[in-house]
file entry-v1.cif (mmCIF, C-alpha atoms)
data_my_file
loop_
_atom_site.label_atom_id
_atom_site.label_comp_id
_atom_site.auth_asym_id
_atom_site.auth_seq_id
_atom_site.Cartn_x
_atom_site.Cartn_y
_atom_site.Cartn_z
CA MET A 174 285.14 52.36 104.98
CA ASN A 175 286.17 50.45 101.86
CA ALA A 176 287.72 47.75 104.04
CA PHE A 177 284.41 47.07 105.80
CA LEU A 178 282.50 47.10 102.52
CA LYS A 179 284.98 44.49 101.26
CA ALA A 180 284.49 42.47 104.45
CA ILE A 181 280.73 42.47 103.86
CA GLU A 182 281.30 41.34 100.29
CA ILE A 183 283.49 38.46 101.51
CA LYS A 184 281.27 37.47 104.44
CA PRO A 185 277.88 39.16 104.09
CA ASP A 186 276.42 37.67 107.29
CA PHE A 187 279.18 38.93 109.62
CA ALA A 188 277.14 41.50 111.51
CA TRP A 189 280.00 43.39 113.16
CA SER A 190 281.20 44.57 109.76
CA TYR A 191 277.94 46.52 109.49
CA TRP A 192 278.40 47.93 113.00
CA ASN A 193 281.89 49.22 112.19
CA LEU A 194 280.73 50.51 108.83
CA TRP A 195 277.86 52.58 110.19
CA ASN A 196 280.11 54.04 112.87
CA ILE A 197 282.52 55.20 110.18
CA LEU A 198 279.67 56.60 108.08
CA ALA A 199 278.39 58.40 111.17
CA GLU A 200 281.72 60.20 111.43
CA TYR A 201 281.23 61.43 107.88
CA GLU A 202 277.54 62.24 108.43
CA GLN A 203 276.42 59.62 105.93
CA LEU A 204 273.91 57.83 108.16
CA ASP A 205 271.25 57.54 105.48
CA GLN A 206 273.68 55.47 103.43
CA ALA A 207 274.44 53.35 106.50
CA ARG A 208 270.73 52.76 107.07
CA LYS A 209 270.27 51.61 103.47
CA ILE A 210 273.11 49.13 103.89
CA LEU A 211 271.59 47.73 107.10
CA VAL A 212 268.07 47.48 105.68
CA ALA A 213 269.47 45.64 102.66
CA ALA A 214 271.37 43.32 105.01
CA ILE A 215 268.16 42.52 106.91
CA ASP A 216 266.46 41.59 103.64
CA ARG A 217 269.34 39.25 102.86
CA PHE A 218 269.73 37.85 106.37
CA PRO A 219 266.34 38.08 108.12
CA ASP A 220 267.46 35.68 110.88
CA SER A 221 270.45 37.79 111.98
CA GLU A 222 269.67 39.54 115.26
CA GLN A 223 273.03 41.32 115.11
CA VAL A 224 272.12 43.20 111.93
CA LYS A 225 268.77 44.22 113.46
CA LEU A 226 270.57 45.27 116.63
CA ASN A 227 272.92 47.44 114.58
CA LEU A 228 269.97 49.06 112.84
CA GLY A 229 268.53 49.87 116.27
CA GLU A 230 271.86 51.38 117.32
CA LEU A 231 272.02 53.53 114.20
CA LEU A 232 268.44 54.74 114.61
CA SER A 233 269.13 55.54 118.28
CA TYR A 234 272.17 57.54 117.18
CA GLN A 235 269.82 59.48 114.89
CA LYS A 236 267.40 59.94 117.85
CA LYS A 237 264.69 57.98 116.01
CA PHE A 238 263.85 56.09 119.16
CA GLN A 239 260.46 54.69 118.19
CA GLU A 240 261.89 53.12 115.03
CA ALA A 241 264.91 51.93 117.00
CA MET A 242 262.66 50.12 119.50
CA VAL A 243 261.03 48.16 116.68
CA ALA A 244 264.46 47.03 115.49
CA TYR A 245 265.54 46.11 119.03
CA ARG A 246 262.37 44.10 119.68
CA ASP A 247 262.84 42.26 116.38
CA ALA A 248 266.43 41.49 117.37
CA ALA A 249 265.33 40.31 120.83
CA VAL A 250 262.70 37.98 119.37
CA GLN A 251 265.24 36.60 116.90
CA LYS A 252 267.79 35.99 119.64
CA THR A 253 265.20 34.29 121.87
CA ARG A 254 264.04 32.15 118.97
CA ARG A 255 267.62 31.01 118.42
CA SER A 256 268.45 30.34 122.08
CA HIS A 257 265.04 29.13 123.32
CA PRO A 258 262.99 28.05 120.28
CA GLU A 259 260.58 26.03 122.40
CA ILE A 260 259.70 29.08 124.50
CA VAL A 261 258.97 31.32 121.52
CA ALA A 262 256.91 28.59 119.93
CA LYS A 263 254.76 28.31 123.07
CA SER A 264 254.16 31.93 123.83
CA ALA A 265 255.92 35.20 123.22
CA ASP A 266 254.51 38.71 123.02
CA LYS A 267 256.89 40.83 120.94
CA SER A 268 255.10 44.06 121.78
CA SER A 269 255.62 43.67 125.53
CA PRO A 270 259.22 42.77 126.53
CA LEU A 271 260.10 41.21 129.87
CA PRO A 272 261.44 43.61 132.50
CA PRO A 273 264.80 42.70 134.09
CA ASN A 274 265.00 40.51 137.19
CA PHE A 275 268.64 41.30 137.88
CA ILE A 276 271.54 43.54 136.86
CA ILE A 277 275.24 42.78 137.13
CA ILE A 278 276.49 46.22 138.14
CA GLY A 279 280.25 45.71 138.46
CA THR A 280 283.09 45.72 138.42
CA GLN A 281 284.83 46.51 135.16
CA LYS A 282 287.41 43.78 134.34
CA GLY A 283 285.99 41.65 137.14
CA GLY A 284 284.56 38.71 135.16
CA THR A 285 281.15 40.17 134.30
CA THR A 286 281.24 39.03 130.67
CA SER A 287 281.99 35.42 131.58
CA LEU A 288 279.29 35.32 134.26
CA TYR A 289 276.68 36.81 131.95
CA ARG A 290 277.56 34.36 129.16
CA TYR A 291 277.18 31.46 131.59
CA LEU A 292 273.79 32.73 132.72
CA GLU A 293 272.63 32.91 129.10
CA GLU A 294 273.20 29.16 128.83
CA HIS A 295 270.75 28.38 131.62
CA PRO A 296 267.46 27.06 130.16
CA GLN A 297 265.40 29.44 132.34
CA MET A 298 267.40 32.57 131.60
CA VAL A 299 266.72 34.51 128.40
CA GLY A 300 269.42 37.00 127.50
CA PHE A 301 269.50 40.68 126.70
CA ILE A 302 270.26 41.53 123.05
CA LYS A 303 273.65 42.93 124.07
CA LYS A 304 275.59 42.78 127.32
CA GLU A 305 275.88 46.50 128.06
CA THR A 306 273.45 49.32 127.30
CA HIS A 307 274.78 52.01 129.65
CA PHE A 308 271.16 53.15 129.90
CA TRP A 309 271.16 54.11 133.57
CA ASN A 310 274.41 56.08 133.41
CA GLN A 311 274.41 57.50 129.85
CA HIS A 312 271.12 57.09 127.98
CA CYS A 313 268.27 57.80 130.42
CA ASP A 314 267.04 60.52 128.10
CA ARG A 315 266.04 57.82 125.61
CA GLY A 316 263.24 56.68 127.90
CA LEU A 317 262.43 53.52 129.84
CA ASP A 318 260.56 52.01 126.86
CA TRP A 319 263.77 52.26 124.82
CA TYR A 320 265.63 50.36 127.54
CA ILE A 321 262.98 47.67 127.95
CA SER A 322 262.90 47.08 124.18
CA HIS A 323 266.35 45.46 124.51
CA PHE A 324 264.90 42.61 126.60
CA PRO A 325 263.33 39.39 125.31
CA PRO A 326 259.63 39.19 124.50
CA SER A 327 257.17 38.55 127.30
CA ILE A 328 256.77 34.83 127.88
CA PHE A 329 253.82 33.33 129.66
CA ASP A 330 256.04 31.30 131.95
CA THR A 331 256.84 32.64 135.40
CA ASN A 332 259.96 30.47 135.63
CA ILE A 333 261.80 32.50 132.96
CA ILE A 334 264.00 35.43 134.00
CA THR A 335 266.14 38.01 132.21
CA GLY A 336 268.69 40.64 133.12
CA GLU A 337 271.61 42.71 131.95
CA ALA A 338 275.22 43.49 132.83
CA THR A 339 276.83 46.93 132.66
CA PRO A 340 279.84 46.95 135.00
CA ASN A 341 280.26 50.75 134.91
CA TYR A 342 277.02 51.12 136.88
CA LEU A 343 278.86 50.39 140.14
CA GLU A 344 280.82 53.64 140.18
CA SER A 345 278.17 55.86 138.54
CA PRO A 346 276.76 58.06 141.35
CA LYS A 347 273.29 58.70 139.90
CA VAL A 348 272.53 55.14 138.84
CA PRO A 349 271.31 53.62 142.15
CA GLU A 350 268.45 56.11 142.58
CA ARG A 351 267.46 55.82 138.94
CA ILE A 352 267.20 52.04 139.06
CA PHE A 353 265.47 52.02 142.44
CA GLU A 354 262.79 54.39 141.16
CA GLU A 355 261.79 51.92 138.44
CA PHE A 356 262.84 48.52 139.84
CA PRO A 357 263.06 48.69 143.66
CA SER A 358 263.03 44.90 144.07
CA ILE A 359 265.66 44.06 141.43
CA LYS A 360 268.53 41.75 142.37
CA LEU A 361 272.04 43.17 142.05
CA ILE A 362 275.22 41.18 141.44
CA VAL A 363 278.68 42.63 142.08
CA LEU A 364 281.98 40.97 141.23
CA LEU A 365 284.90 42.58 143.08
CA ARG A 366 288.42 41.88 141.87
CA ASN A 367 291.70 42.64 143.60
CA PRO A 368 291.97 46.34 142.72
CA ILE A 369 295.62 45.98 141.71
CA THR A 370 295.04 43.25 139.12
CA ARG A 371 291.84 44.98 138.06
CA ALA A 372 293.80 48.17 137.36
CA LEU A 373 296.48 46.29 135.42
CA SER A 374 293.86 44.46 133.36
CA GLN A 375 292.12 47.70 132.44
CA TYR A 376 295.41 49.40 131.62
CA HIS A 377 296.59 46.67 129.24
CA HIS A 378 293.12 46.38 127.71
CA TRP A 379 293.18 50.09 126.91
CA VAL A 380 296.71 49.76 125.51
CA ARG A 381 295.44 47.05 123.14
CA LEU A 382 292.59 49.34 122.10
CA MET A 383 295.13 52.16 121.53
CA ARG A 384 293.32 54.34 124.07
CA GLU A 385 296.39 54.48 126.30
CA TYR A 386 299.99 55.18 125.29
CA ARG A 387 301.63 56.24 128.55
CA PRO A 388 303.90 53.89 130.52
CA LEU A 389 302.21 52.20 133.47
CA GLU A 390 304.37 53.95 136.05
CA ILE A 391 303.37 57.37 134.68
CA VAL A 392 299.70 56.38 134.61
CA ILE A 393 299.75 55.23 138.24
CA GLU A 394 301.57 58.30 139.54
CA SER A 395 299.34 60.64 137.56
CA GLU A 396 296.10 59.13 138.78
CA LEU A 397 297.20 58.94 142.41
CA ASN A 398 297.92 62.67 142.28
CA LEU A 399 294.52 63.34 140.71
CA ILE A 400 292.76 61.31 143.38
CA LYS A 401 294.52 63.20 146.16
CA SER A 402 293.41 66.53 144.72
CA ASN A 403 289.86 65.53 143.67
CA LEU A 404 288.77 62.81 146.08
CA GLU A 405 285.71 64.78 147.15
CA SER A 406 284.56 65.31 143.58
CA GLU A 407 283.09 62.22 141.92
CA SER A 408 282.15 64.29 138.89
CA LYS A 409 285.82 65.18 138.37
CA LEU A 410 287.25 61.72 139.01
CA ILE A 411 284.85 60.01 136.63
CA GLN A 412 286.37 61.98 133.75
CA TYR A 413 289.68 60.12 134.14
CA PRO A 414 290.52 56.57 132.96
CA GLY A 415 289.91 55.15 136.42
CA TYR A 416 292.64 52.54 136.75
CA ILE A 417 292.93 53.35 140.46
CA TRP A 418 289.71 55.00 141.61
CA ARG A 419 287.52 52.25 140.13
CA GLY A 420 289.13 49.94 142.66
CA LEU A 421 288.00 52.06 145.61
CA TYR A 422 284.88 49.95 146.00
CA LEU A 423 283.68 51.01 149.45
CA PRO A 424 282.15 54.43 148.66
CA PHE A 425 280.37 52.98 145.63
CA LEU A 426 278.83 50.16 147.66
CA GLU A 427 277.95 52.47 150.53
CA LYS A 428 275.93 54.54 148.08
CA TRP A 429 274.17 51.52 146.58
CA MET A 430 273.41 49.98 149.96
CA SER A 431 272.00 53.23 151.30
CA ILE A 432 269.29 52.84 148.66
CA PHE A 433 268.81 49.10 148.16
CA PRO A 434 268.57 46.61 151.06
CA ARG A 435 271.60 44.39 151.61
CA GLU A 436 269.69 41.20 150.85
CA GLN A 437 269.22 42.29 147.24
CA PHE A 438 272.98 42.13 146.64
CA LEU A 439 275.20 39.18 145.87
CA ILE A 440 278.85 40.14 146.37
CA ILE A 441 281.32 37.83 144.63
CA ARG A 442 285.09 37.79 144.94
CA SER A 443 286.28 37.64 141.32
CA GLU A 444 289.22 35.41 142.25
CA ASP A 445 286.77 32.80 143.60
CA PHE A 446 284.86 32.97 140.33
CA TYR A 447 288.03 32.48 138.27
CA GLN A 448 289.22 29.58 140.43
CA ASN A 449 285.91 27.74 140.77
CA PRO A 450 283.47 29.03 138.13
CA SER A 451 281.02 26.14 138.53
CA GLN A 452 280.58 26.68 142.27
CA VAL A 453 280.18 30.46 141.97
CA PHE A 454 277.88 30.11 138.95
CA ASN A 455 275.54 27.90 140.94
CA GLN A 456 275.72 30.32 143.87
CA VAL A 457 274.46 33.00 141.46
CA LEU A 458 271.70 30.70 140.22
CA ASP A 459 270.55 30.10 143.79
CA PHE A 460 270.54 33.85 144.45
CA LEU A 461 268.37 34.35 141.33
CA GLY A 462 265.98 31.56 142.31
CA LEU A 463 267.01 29.28 139.45
CA PRO A 464 267.76 25.55 139.73
CA SER A 465 271.40 24.49 139.68
CA TYR A 466 272.92 23.83 136.27
CA GLU A 467 276.28 22.61 135.01
CA LEU A 468 277.82 23.90 131.82
CA SER A 469 279.83 21.67 129.53
CA ASN A 470 282.61 24.26 129.42
CA TYR A 471 283.40 27.29 131.57
CA CYS A 472 285.21 29.44 129.02
CA SER A 473 286.93 32.63 130.12
CA TYR A 474 285.66 35.58 128.07
CA ASN A 475 287.52 38.86 127.55
CA SER A 476 290.58 37.60 129.40
CA GLY A 477 294.01 38.89 128.50
CA ARG A 478 297.67 38.31 129.20
CA TYR A 479 300.02 41.06 130.23
CA PRO A 480 303.59 41.39 131.51
CA GLN A 481 304.46 41.27 135.18
CA ILE A 482 304.36 44.55 137.04
CA GLU A 483 307.53 46.02 138.51
CA PRO A 484 307.78 45.09 142.22
CA SER A 485 308.14 48.74 143.23
CA VAL A 486 304.92 49.70 141.41
CA TYR A 487 303.09 46.71 142.88
CA SER A 488 304.22 47.69 146.38
CA GLN A 489 303.07 51.25 145.78
CA LEU A 490 299.61 50.04 144.77
CA ARG A 491 299.41 47.48 147.57
CA ASP A 492 300.21 50.11 150.17
CA TYR A 493 297.69 52.51 148.67
CA PHE A 494 294.80 50.03 148.48
CA TYR A 495 295.43 48.25 151.80
CA PRO A 496 293.46 50.60 154.11
CA HIS A 497 290.64 50.90 151.58
CA ASN A 498 290.39 47.11 151.30
CA GLN A 499 290.33 46.74 155.08
CA ARG A 500 287.44 49.18 155.40
CA LEU A 501 285.61 47.35 152.60
CA GLN A 502 285.97 44.03 154.44
CA ASP A 503 284.66 45.56 157.65
CA PHE A 504 281.69 47.12 155.88
CA LEU A 505 280.66 43.94 154.05
CA ASN A 506 281.79 41.54 156.81
CA LEU A 507 283.58 39.53 154.12
CA GLN A 508 287.19 38.47 153.71
CA PHE A 509 288.83 39.23 150.36
CA ASP A 510 292.48 38.46 151.25
CA TRP A 511 293.88 40.68 148.52
CA ASP A 512 297.62 41.13 148.80
#

call {"tool": "encode", "arguments": {"input": "entry-v1.cif", "output": "structure tokens"}}
result
Amino acid sequence: MNAFLKAIEIKPDFAWSYWNLWNILAEYEQLDQARKILVAAIDRFPDSEQVKLNLGELLSYQKKFQEAMVAYRDAAVQKTRRSHPEIVAKSADKSSPLPPNFIIIGTQKGGTTSLYRYLEEHPQMVGFIKKETHFWNQHCDRGLDWYISHFPPSIFDTNIITGEATPNYLESPKVPERIFEEFPSIKLIVLLRNPITRALSQYHHWVRLMREYRPLEIVIESELNLIKSNLESESKLIQYPGYIWRGLYLPFLEKWMSIFPREQFLIIRSEDFYQNPSQVFNQVLDFLGLPSYELSNYCSYNSGRYPQIEPSVYSQLRDYFYPHNQRLQDFLNLQFDWD
């Protein structure tokens, strides 16, 4: 805690210091102190949407949802004012946020962060106040108004769209019905990455976060055994890290496409996105009904480097995923060419 207080003293406008601080104070049940720190930070830095976002997060943690929504709406207005000042100057209704036009639903470690960041740079796309809310899979009890408060203010311009990206939605079994009930016409974007490299990326990401300490070979063997014993039970599988089962895309998409019509989905091969981000980005824009747009730089966000996998482990994973990938290709009538 003292380290984050020192960080705030050194750089008072660095909003993530407040986020880490209030999480630590939450562990020690000192949320009132955390709230005082955030309110003081807002007084000092009224233009920082990140501090207001953190206040909303803290209030949500305390189940003070009405107060949290005020903080989220303030953060959304501030973010829109920074990214699209001309739009806010023309017309913006803070009390009535825009509903989402699209959701990027998957997959984890498939390029969703980069795609969403690119979309935020389009002049007719106004971003969410944070990339992932996990509303539809974790926080439905907070109410639809709580969710909508994360979106930008209503703008009297029909050419402006907004949306969010939470890649865990793809494998969450209750999410499709929940979204369809509220937004039956929403557009859904899915990035699908070679399940082997996706698994490796998640594994090494979790190692960096110190959420995983086991050797890769042990992890793979353990999860394959769990899948064999619990394949019929989504509720059991979802409790595990998901290096392997998150790459079994077919049953997830079958569930989604039994609820939403196929034309509301854009399926993207992540490898195509990595290799030609401009082309795929403009494909997404066309799907969303936005004019084409070229970015000055297609940065790769949340990418990581990791050591090569042992050939025997790679072969084990390739053999396991091969029949699943073949059935996926047949179902979608698309070629993924994952080896």

call {"tool": "resolve_selection", "arguments": {"input": "entry-v1.cif", "expression": "the PyMOL selection byres ((chain A and resi 288) around 10)", "output": "ChimeraX atom specification"}}
result
/A:277,283-287,289-293,338,364,446,450,453-454,457,471-474

call {"tool": "atom_distance", "arguments": {"input": "entry-v1.cif", "atom1": "atom CA of Asn196 of chain A", "atom2": "atom CA of Ala249 of chain A"}}
result
21.7 Å

call {"tool": "residues_around", "arguments": {"input": "entry-v1.cif", "residues": "Ala244 of chain A", "least_positions_apart": "5", "cutoff": "7 Å", "atoms": "all atoms listed in the file", "output": "PyMOL selection string"}}
result
chain A and resi 225-226+228-229

call {"tool": "residues_around", "arguments": {"input": "entry-v1.cif", "residues": "Lys236 of chain A", "least_positions_apart": "3", "cutoff": "12 Å", "atoms": "all atoms listed in the file", "output": "VMD selection string"}}
result
chain A and resid 204 229 to 233 239 to 242 312 314 to 316 319

call {"tool": "resolve_selection", "arguments": {"input": "entry-v1.cif", "expression": "the PyMOL selection byres ((chain A and resi 395-398) around 10)", "output": "ChimeraX atom specification"}}
result
/A:389-394,399-404,410,413-418,490,493

call {"tool": "build_atoms", "arguments": {"input": "entry-v1.cif", "residues": "segment 424-437 of chain A", "atoms": "N, CA and C atoms", "output": "mmCIF file, keeping the file's coordinate frame"}}
result
data_model
loop_
_atom_site.group_PDB
_atom_site.id
_atom_site.type_symbol
_atom_site.label_atom_id
_atom_site.label_comp_id
_atom_site.auth_asym_id
_atom_site.auth_seq_id
_atom_site.Cartn_x
_atom_site.Cartn_y
_atom_site.Cartn_z
ATOM 1 N N PRO A 424 283.131 53.351 148.809
ATOM 2 C CA PRO A 424 282.150 54.430 148.660
ATOM 3 C C PRO A 424 281.058 54.120 147.639
ATOM 4 N N PHE A 425 281.399 53.359 146.610
ATOM 5 C CA PHE A 425 280.370 52.980 145.630
ATOM 6 C C PHE A 425 279.314 52.091 146.292
ATOM 7 N N LEU A 426 279.774 51.078 147.035
ATOM 8 C CA LEU A 426 278.830 50.160 147.660
ATOM 9 C C LEU A 426 278.051 50.817 148.792
ATOM 10 N N GLU A 427 278.685 51.729 149.506
ATOM 11 C CA GLU A 427 277.950 52.470 150.530
ATOM 12 C C GLU A 427 276.777 53.223 149.909
ATOM 13 N N LYS A 428 277.005 53.810 148.756
ATOM 14 C CA LYS A 428 275.930 54.540 148.080
ATOM 15 C C LYS A 428 274.819 53.582 147.661
ATOM 16 N N TRP A 429 275.184 52.484 147.027
ATOM 17 C CA TRP A 429 274.170 51.520 146.580
ATOM 18 C C TRP A 429 273.377 50.956 147.758
ATOM 19 N N MET A 430 274.080 50.629 148.834
ATOM 20 C CA MET A 430 273.410 49.980 149.960
ATOM 21 C C MET A 430 272.689 50.961 150.868
ATOM 22 N N SER A 431 272.842 52.243 150.612
ATOM 23 C CA SER A 431 272.000 53.230 151.300
ATOM 24 C C SER A 431 270.644 53.342 150.616
ATOM 25 N N ILE A 432 270.519 52.746 149.449
ATOM 26 C CA ILE A 432 269.290 52.840 148.660
ATOM 27 C C ILE A 432 268.596 51.490 148.563
ATOM 28 N N PHE A 433 269.365 50.447 148.253
ATOM 29 C CA PHE A 433 268.810 49.100 148.160
ATOM 30 C C PHE A 433 269.154 48.311 149.426
ATOM 31 N N PRO A 434 268.248 47.435 149.892
ATOM 32 C CA PRO A 434 268.570 46.610 151.060
ATOM 33 C C PRO A 434 269.670 45.601 150.753
ATOM 34 N N ARG A 435 270.434 45.273 151.777
ATOM 35 C CA ARG A 435 271.600 44.390 151.610
ATOM 36 C C ARG A 435 271.233 43.047 151.005
ATOM 37 N N GLU A 436 270.047 42.537 151.332
ATOM 38 C CA GLU A 436 269.690 41.200 150.850
ATOM 39 C C GLU A 436 269.451 41.137 149.340
ATOM 40 N N GLN A 437 269.379 42.285 148.693
ATOM 41 C CA GLN A 437 269.220 42.290 147.240
ATOM 42 C C GLN A 437 270.550 42.253 146.494
#
